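Working notes for the structure below.
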Amino acid sequence: MRKVLFTAAALLFTVCAASAQESVVKQAKKAKSNPEEAAKILEPALTDPSTANDPETWKLAGDLQYSIYDKENTNLYLGNLGGGKVDTMKMYKSLAKMFEYYTKCDEAEQAQVKSGELKKPKLRKKLVQTLTKVRPQLTNAGSDAYNAGNYADALKYFGLYVDAPQNAMFDDVPAVKNDTLVPLIANYAVLAANSLKDNSSVIKYAAIGKTHKEEGFRSLMCLAEVYGKGETPDSVQWLATVKEGVEKFPNQEYFVGNLMDYYIQKGKVSEALSAMDQIIAKNPASAYYKYVKGVLQYENKDYDGAIATFNEVIAAGGDFQAESNSKIGDCYFFPAQSIVEENSKISMDDPKYATNEKQIEELYKKAAPFYEKAKALKPNDRQLWGQFLLNIYWKVDKEKYNALEKEMGY
């Protein structure tokens, strides 16, 4: 008997709870003239199973947010005419909630269609019309949030914009389904996600963003950072991403620089040179790519080839003048260092020692003018010329050595 009474009590409690939530919905409807207050009243009904599965609950929630949004949007318009005050943060938050609530409304209605409770959806058309109308405002919301350093909100707004074409709600809306602006906005979503170190969102939106012909390099850069420096680095994906960047955006130095560093670290200089020749063929005017080729030739100990390539860069003018002069100096200086190393292992009485010393001096004298030119072009970048010239002057010109040592503050 007690068990029957307990079950009846539980049933009565459930009925009462459902009735309470329905009452909340009715209260919210009555308070619609004050949408902010009505939205607060409705909140419990959004999580209670007795009302949260009802499309009308979510429709009401979305309508209230639309009212809040529309009021602020009207104020924005009036403000542009010289009157009215607008709370853009409130407007944007209501815009995002409207998308969330109308989407859940559609999902609940589709569930009823699938279960046979409804023959066909009744609300989708109206929901889609409203969301299509306000959707462009998401880009402004995302931009304002991003510029303010609020990357979480920026990601939310940009993400809502980018996700819309994949939502079945918009299948019959070409303006959304075929929106050519999506790849661009996806890049902004990637940048926001990258700032948050939200790797999963970077990967998600980069898949779309990288297809943009002008800005897609941003997605690929962030994607490479995720695969190269994330919590679980993936060298295979990193290399594939960098190669994709080289192929799609050969004028972006980031991808070429990283790819060449990879080849050098792996001892695949010949492979790198082959890739570099293909890149230069597509970008023959790029001083950077020719400079990189020269560096690769230098790494491959093809000093004559490297010098010829660096001279091409210098003759063309523009960027990498100082760097190219410095690398030509390296093409003489470091072979000389190999001879210095050899001489350290043989006796000074050995005839080979004197021959080597003469070669060292000759190579140093060839290197010096190029380091000096690099110094003249970039006097503050001592890595290009400092220690090299000190070594050379110590060997061939003590007076210049003393002057440079004083100049460098040693």
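Every chain in the structure tokens has a letter given in the order shown (A, B, ...), and although residue numbers restart at 1 in each chain, ligands are simply numbered from 1 in the order shown.
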Which polymer residues have any atom within 9 Å of an atom of A:Glu43, counting only C-alpha atoms, with same-chain residues fewer than 5 positions away left out, as a ChimeraX atom specification?
/A:24,38,61
Run DSSP on the backbone and tell me which residues of stretch 237-382 of chain A come out as alpha helix (DSSP H); list them as a JSON list (two decimals) with C-alpha atoms, in the first residue's frame.
[["chain", "number", "residue", "atom", "x", "y", "z"],
["A", 237, "GLN", "CA", 49.91, 17.08, -40.61],
["A", 238, "TRP", "CA", 52.30, 19.98, -40.01],
["A", 239, "LEU", "CA", 54.36, 19.14, -43.09],
["A", 240, "ALA", "CA", 51.23, 18.64, -45.20],
["A", 241, "THR", "CA", 49.87, 22.01, -44.04],
["A", 242, "VAL", "CA", 53.11, 23.86, -44.77],
["A", 243, "LYS", "CA", 53.34, 22.27, -48.21],
["A", 244, "GLU", "CA", 49.73, 23.26, -48.89],
["A", 245, "GLY", "CA", 50.63, 26.81, -47.89],
["A", 246, "VAL", "CA", 53.59, 26.83, -50.28],
["A", 247, "GLU", "CA", 51.38, 25.56, -53.10],
["A", 248, "LYS", "CA", 48.43, 27.90, -52.52],
["A", 253, "GLU", "CA", 57.39, 33.66, -46.75],
["A", 254, "TYR", "CA", 56.17, 31.82, -43.63],
["A", 255, "PHE", "CA", 55.47, 28.59, -45.49],
["A", 256, "VAL", "CA", 58.61, 28.57, -47.63],
["A", 257, "GLY", "CA", 60.82, 29.47, -44.67],
["A", 258, "ASN", "CA", 59.39, 26.68, -42.52],
["A", 259, "LEU", "CA", 59.57, 24.14, -45.33],
["A", 260, "MET", "CA", 63.20, 24.96, -46.08],
["A", 261, "ASP", "CA", 64.13, 24.80, -42.39],
["A", 262, "TYR", "CA", 62.52, 21.36, -42.27],
["A", 263, "TYR", "CA", 64.50, 20.13, -45.27],
["A", 264, "ILE", "CA", 67.76, 21.48, -43.84],
["A", 265, "GLN", "CA", 67.13, 19.89, -40.42],
["A", 269, "VAL", "CA", 69.01, 19.94, -49.04],
["A", 270, "SER", "CA", 68.85, 18.56, -52.59],
["A", 271, "GLU", "CA", 65.10, 18.02, -52.20],
["A", 272, "ALA", "CA", 64.80, 21.54, -50.85],
["A", 273, "LEU", "CA", 66.67, 23.01, -53.80],
["A", 274, "SER", "CA", 64.41, 21.20, -56.21],
["A", 275, "ALA", "CA", 61.34, 22.57, -54.43],
["A", 276, "MET", "CA", 62.89, 26.03, -54.34],
["A", 277, "ASP", "CA", 63.49, 26.07, -58.09],
["A", 278, "GLN", "CA", 59.79, 25.28, -58.64],
["A", 279, "ILE", "CA", 58.76, 28.06, -56.29],
["A", 280, "ILE", "CA", 61.07, 30.59, -57.96],
["A", 281, "ALA", "CA", 59.71, 29.60, -61.37],
["A", 282, "LYS", "CA", 56.29, 30.81, -60.17],
["A", 287, "ALA", "CA", 64.27, 38.40, -53.72],
["A", 288, "TYR", "CA", 63.42, 36.35, -50.66],
["A", 289, "TYR", "CA", 63.07, 33.09, -52.54],
["A", 290, "LYS", "CA", 66.34, 33.62, -54.40],
["A", 291, "TYR", "CA", 67.99, 34.43, -51.11],
["A", 292, "VAL", "CA", 66.64, 31.19, -49.63],
["A", 293, "LYS", "CA", 67.95, 29.28, -52.64],
["A", 294, "GLY", "CA", 71.37, 30.81, -52.06],
["A", 295, "VAL", "CA", 71.26, 29.72, -48.42],
["A", 296, "LEU", "CA", 70.41, 26.19, -49.49],
["A", 297, "GLN", "CA", 73.28, 26.15, -51.97],
["A", 298, "TYR", "CA", 75.53, 27.37, -49.19],
["A", 299, "GLU", "CA", 74.29, 24.59, -46.88],
["A", 303, "TYR", "CA", 79.75, 28.01, -52.70],
["A", 304, "ASP", "CA", 80.16, 29.12, -56.29],
["A", 305, "GLY", "CA", 76.47, 28.53, -56.98],
["A", 306, "ALA", "CA", 75.50, 30.33, -53.78],
["A", 307, "ILE", "CA", 77.68, 33.34, -54.60],
["A", 308, "ALA", "CA", 76.11, 33.56, -58.07],
["A", 309, "THR", "CA", 72.60, 33.45, -56.59],
["A", 310, "PHE", "CA", 73.36, 36.05, -53.92],
["A", 311, "ASN", "CA", 74.86, 38.32, -56.57],
["A", 312, "GLU", "CA", 71.56, 38.08, -58.48],
["A", 313, "VAL", "CA", 69.75, 39.28, -55.37],
["A", 314, "ILE", "CA", 72.20, 42.14, -54.91],
["A", 315, "ALA", "CA", 72.01, 43.16, -58.57],
["A", 316, "ALA", "CA", 68.22, 43.29, -58.43],
["A", 321, "GLN", "CA", 71.01, 43.22, -49.72],
["A", 322, "ALA", "CA", 72.81, 43.10, -46.38],
["A", 323, "GLU", "CA", 71.95, 39.46, -45.84],
["A", 324, "SER", "CA", 73.18, 38.45, -49.29],
["A", 325, "ASN", "CA", 76.47, 40.27, -48.82],
["A", 326, "SER", "CA", 76.91, 38.59, -45.45],
["A", 327, "LYS", "CA", 76.24, 35.15, -46.94],
["A", 328, "ILE", "CA", 78.78, 35.73, -49.71],
["A", 329, "GLY", "CA", 81.22, 36.53, -46.94],
["A", 330, "ASP", "CA", 80.26, 33.21, -45.33],
["A", 331, "CYS", "CA", 81.07, 31.41, -48.57],
["A", 332, "TYR", "CA", 84.69, 32.45, -48.08],
["A", 333, "PHE", "CA", 84.91, 32.67, -44.30],
["A", 334, "PHE", "CA", 83.68, 29.21, -43.34],
["A", 335, "PRO", "CA", 85.81, 27.28, -45.84],
["A", 336, "ALA", "CA", 88.68, 29.23, -44.28],
["A", 337, "GLN", "CA", 87.55, 28.04, -40.85],
["A", 338, "SER", "CA", 87.83, 24.44, -42.02],
["A", 339, "ILE", "CA", 91.46, 25.12, -42.89],
["A", 340, "VAL", "CA", 91.97, 26.80, -39.50],
["A", 341, "GLU", "CA", 90.66, 23.61, -37.90],
["A", 342, "GLU", "CA", 93.03, 21.53, -40.01],
["A", 343, "ASN", "CA", 96.02, 23.68, -39.03],
["A", 351, "PRO", "CA", 105.12, 22.84, -44.83],
["A", 352, "LYS", "CA", 101.38, 22.24, -45.12],
["A", 353, "TYR", "CA", 100.85, 24.65, -42.22],
["A", 354, "ALA", "CA", 102.35, 27.62, -44.07],
["A", 355, "THR", "CA", 100.38, 26.78, -47.23],
["A", 356, "ASN", "CA", 97.20, 26.63, -45.22],
["A", 357, "GLU", "CA", 97.89, 29.94, -43.51],
["A", 358, "LYS", "CA", 98.25, 31.60, -46.89],
["A", 359, "GLN", "CA", 94.92, 30.13, -48.04],
["A", 360, "ILE", "CA", 93.22, 31.30, -44.87],
["A", 361, "GLU", "CA", 94.48, 34.83, -45.38],
["A", 362, "GLU", "CA", 93.37, 34.86, -49.01],
["A", 363, "LEU", "CA", 89.88, 33.64, -48.14],
["A", 364, "TYR", "CA", 89.59, 36.15, -45.29],
["A", 365, "LYS", "CA", 90.54, 38.98, -47.61],
["A", 366, "LYS", "CA", 87.87, 37.87, -50.07],
["A", 367, "ALA", "CA", 85.26, 37.69, -47.34],
["A", 368, "ALA", "CA", 86.05, 41.03, -45.67],
["A", 369, "PRO", "CA", 84.54, 43.42, -48.30],
["A", 370, "PHE", "CA", 81.20, 41.60, -48.20],
["A", 371, "TYR", "CA", 80.95, 41.71, -44.42],
["A", 372, "GLU", "CA", 81.94, 45.37, -44.56],
["A", 373, "LYS", "CA", 79.16, 46.02, -47.05],
["A", 374, "ALA", "CA", 76.68, 44.22, -44.80],
["A", 375, "LYS", "CA", 77.90, 46.41, -41.91],
["A", 376, "ALA", "CA", 77.37, 49.56, -43.97],
["A", 377, "LEU", "CA", 73.84, 48.47, -44.91]]
Which one of A:Lys177, A:Lys400, A:Lys204, A:Lys97 sits closest to A:Ala164 if you count only C-alpha atoms?
A:Lys177
With only C-alpha atoms as the counted atoms, please give the residues lying no more than 8 Å from A:Asn194, apart from itself and same-chain residues fewer than 5 positions off, as a PyMOL selection string.
chain A and resi 199+202+222
Would you export the selected residues with N, CA and C atoms as a PDB file, in the first residue's frame, please?
ATOM      1  N   ASN A 199      42.444  24.846 -30.054  1.00  0.00           N
ATOM      2  CA  ASN A 199      42.945  24.127 -31.220  1.00  0.00           C
ATOM      3  C   ASN A 199      41.850  23.443 -32.032  1.00  0.00           C
ATOM      4  N   VAL A 202      40.301  25.985 -34.192  1.00  0.00           N
ATOM      5  CA  VAL A 202      41.214  26.356 -35.273  1.00  0.00           C
ATOM      6  C   VAL A 202      41.111  25.340 -36.399  1.00  0.00           C
ATOM      7  N   CYS A 222      47.834  29.349 -38.850  1.00  0.00           N
ATOM      8  CA  CYS A 222      47.365  28.942 -37.517  1.00  0.00           C
ATOM      9  C   CYS A 222      47.281  27.424 -37.409  1.00  0.00           C
TER      10      CYS A 222
END
Give me, as a VMD selection string, all polymer residues having an atom no more than 9 Å from A:Leu123, counting only C-alpha atoms and skipping those fewer than 2 positions away in the same chain.
chain A and resid 55 to 56 59 105 to 106 109 121 125 to 128
Name all residues at most 9 Å from A:Asn73 (count only C-alpha atoms; drop same-chain ones fewer than 3 positions away) and give them as a PyMOL selection string.
chain A and resi 68-70+76-78+86-88+91
I'd like the contact shell of A:Gly230 - 10 Å cut-off, only C-alpha atoms, skipping same-chain residues fewer than 6 positions apart - returned as a ChimeraX atom specification.
/A:197-199,223-224
Residue selection dump (N, CA and C atoms) as a compact mmCIF listing (two decimals), in the first residue's frame:
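Saved to part31.txt:
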# COMPACT_ATOMS: atom_id res chain seq x y z
N LYS A 197 43.87 29.78 -28.00
CA LYS A 197 44.52 28.46 -28.01
C LYS A 197 43.48 27.35 -28.05
N ASP A 198 42.39 27.63 -28.73
CA ASP A 198 41.31 26.65 -28.91
C ASP A 198 41.62 25.87 -30.19
N ASN A 199 42.44 24.85 -30.05
CA ASN A 199 42.95 24.13 -31.22
C ASN A 199 41.85 23.44 -32.03
N LEU A 223 46.88 26.80 -38.49
CA LEU A 223 46.78 25.34 -38.50
C LEU A 223 48.16 24.71 -38.35
N ALA A 224 49.15 25.28 -39.02
CA ALA A 224 50.52 24.78 -38.90
C ALA A 224 51.03 24.93 -37.46
Please provide as a compact mmCIF listing (two decimals) with N, CA and C atoms, in the first residue's frame all residues within 12 Å of A:Glu214, with the sequence filter that same-chain residues fewer than 5 positions apart are discarded (counting only C-alpha atoms).
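Contents of selection.txt, as written:
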# COMPACT_ATOMS: atom_id res chain seq x y z
N PRO A 183 34.18 31.79 -46.32
CA PRO A 183 35.61 31.49 -46.12
C PRO A 183 36.39 32.64 -45.49
N LEU A 184 36.06 33.88 -45.85
CA LEU A 184 36.75 35.02 -45.26
C LEU A 184 36.46 35.11 -43.77
N ASN A 187 38.27 32.70 -41.59
CA ASN A 187 39.63 33.09 -41.22
C ASN A 187 39.64 33.91 -39.94
N GLY A 209 38.32 28.28 -43.90
CA GLY A 209 39.06 29.52 -44.13
C GLY A 209 40.18 29.40 -45.14
N SER A 219 44.57 31.01 -42.12
CA SER A 219 44.09 29.74 -41.55
C SER A 219 45.19 28.69 -41.59
N LEU A 220 45.91 28.62 -42.69
CA LEU A 220 46.96 27.62 -42.81
C LEU A 220 48.11 27.89 -41.84
N GLY A 245 50.43 25.35 -47.90
CA GLY A 245 50.63 26.81 -47.89
C GLY A 245 51.57 27.26 -48.99
N LYS A 248 49.53 26.95 -52.33
CA LYS A 248 48.43 27.90 -52.52
C LYS A 248 48.85 29.35 -52.36
N PHE A 249 49.84 29.58 -51.50
CA PHE A 249 50.25 30.96 -51.21
C PHE A 249 51.78 31.08 -51.28
N PRO A 250 52.35 30.88 -52.46
CA PRO A 250 53.81 30.87 -52.59
C PRO A 250 54.47 32.21 -52.27
N ASN A 251 53.67 33.27 -52.23
CA ASN A 251 54.25 34.58 -51.90
C ASN A 251 54.31 34.83 -50.40
N GLN A 252 53.82 33.89 -49.61
CA GLN A 252 53.88 34.01 -48.16
C GLN A 252 55.16 33.34 -47.65
Could you state the separation of atom CA of A:Tyr151 and atom CA of A:Gln129 in Å, given to one decimal place?
28.6 Å
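Using only C-alpha atoms, the nearest neighbour of A:Arg382 within the list A:Tyr188, A:Asn147, A:Asp48, A:Met408 is A:Met408.
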A:Tyr102, A:Tyr146, A:Tyr161, A:Tyr410 ranked by distance to A:Ala193, top pick (using only C-alpha atoms)
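Ranked by minimum distance to A:Ala193, first place goes to A:Tyr146.
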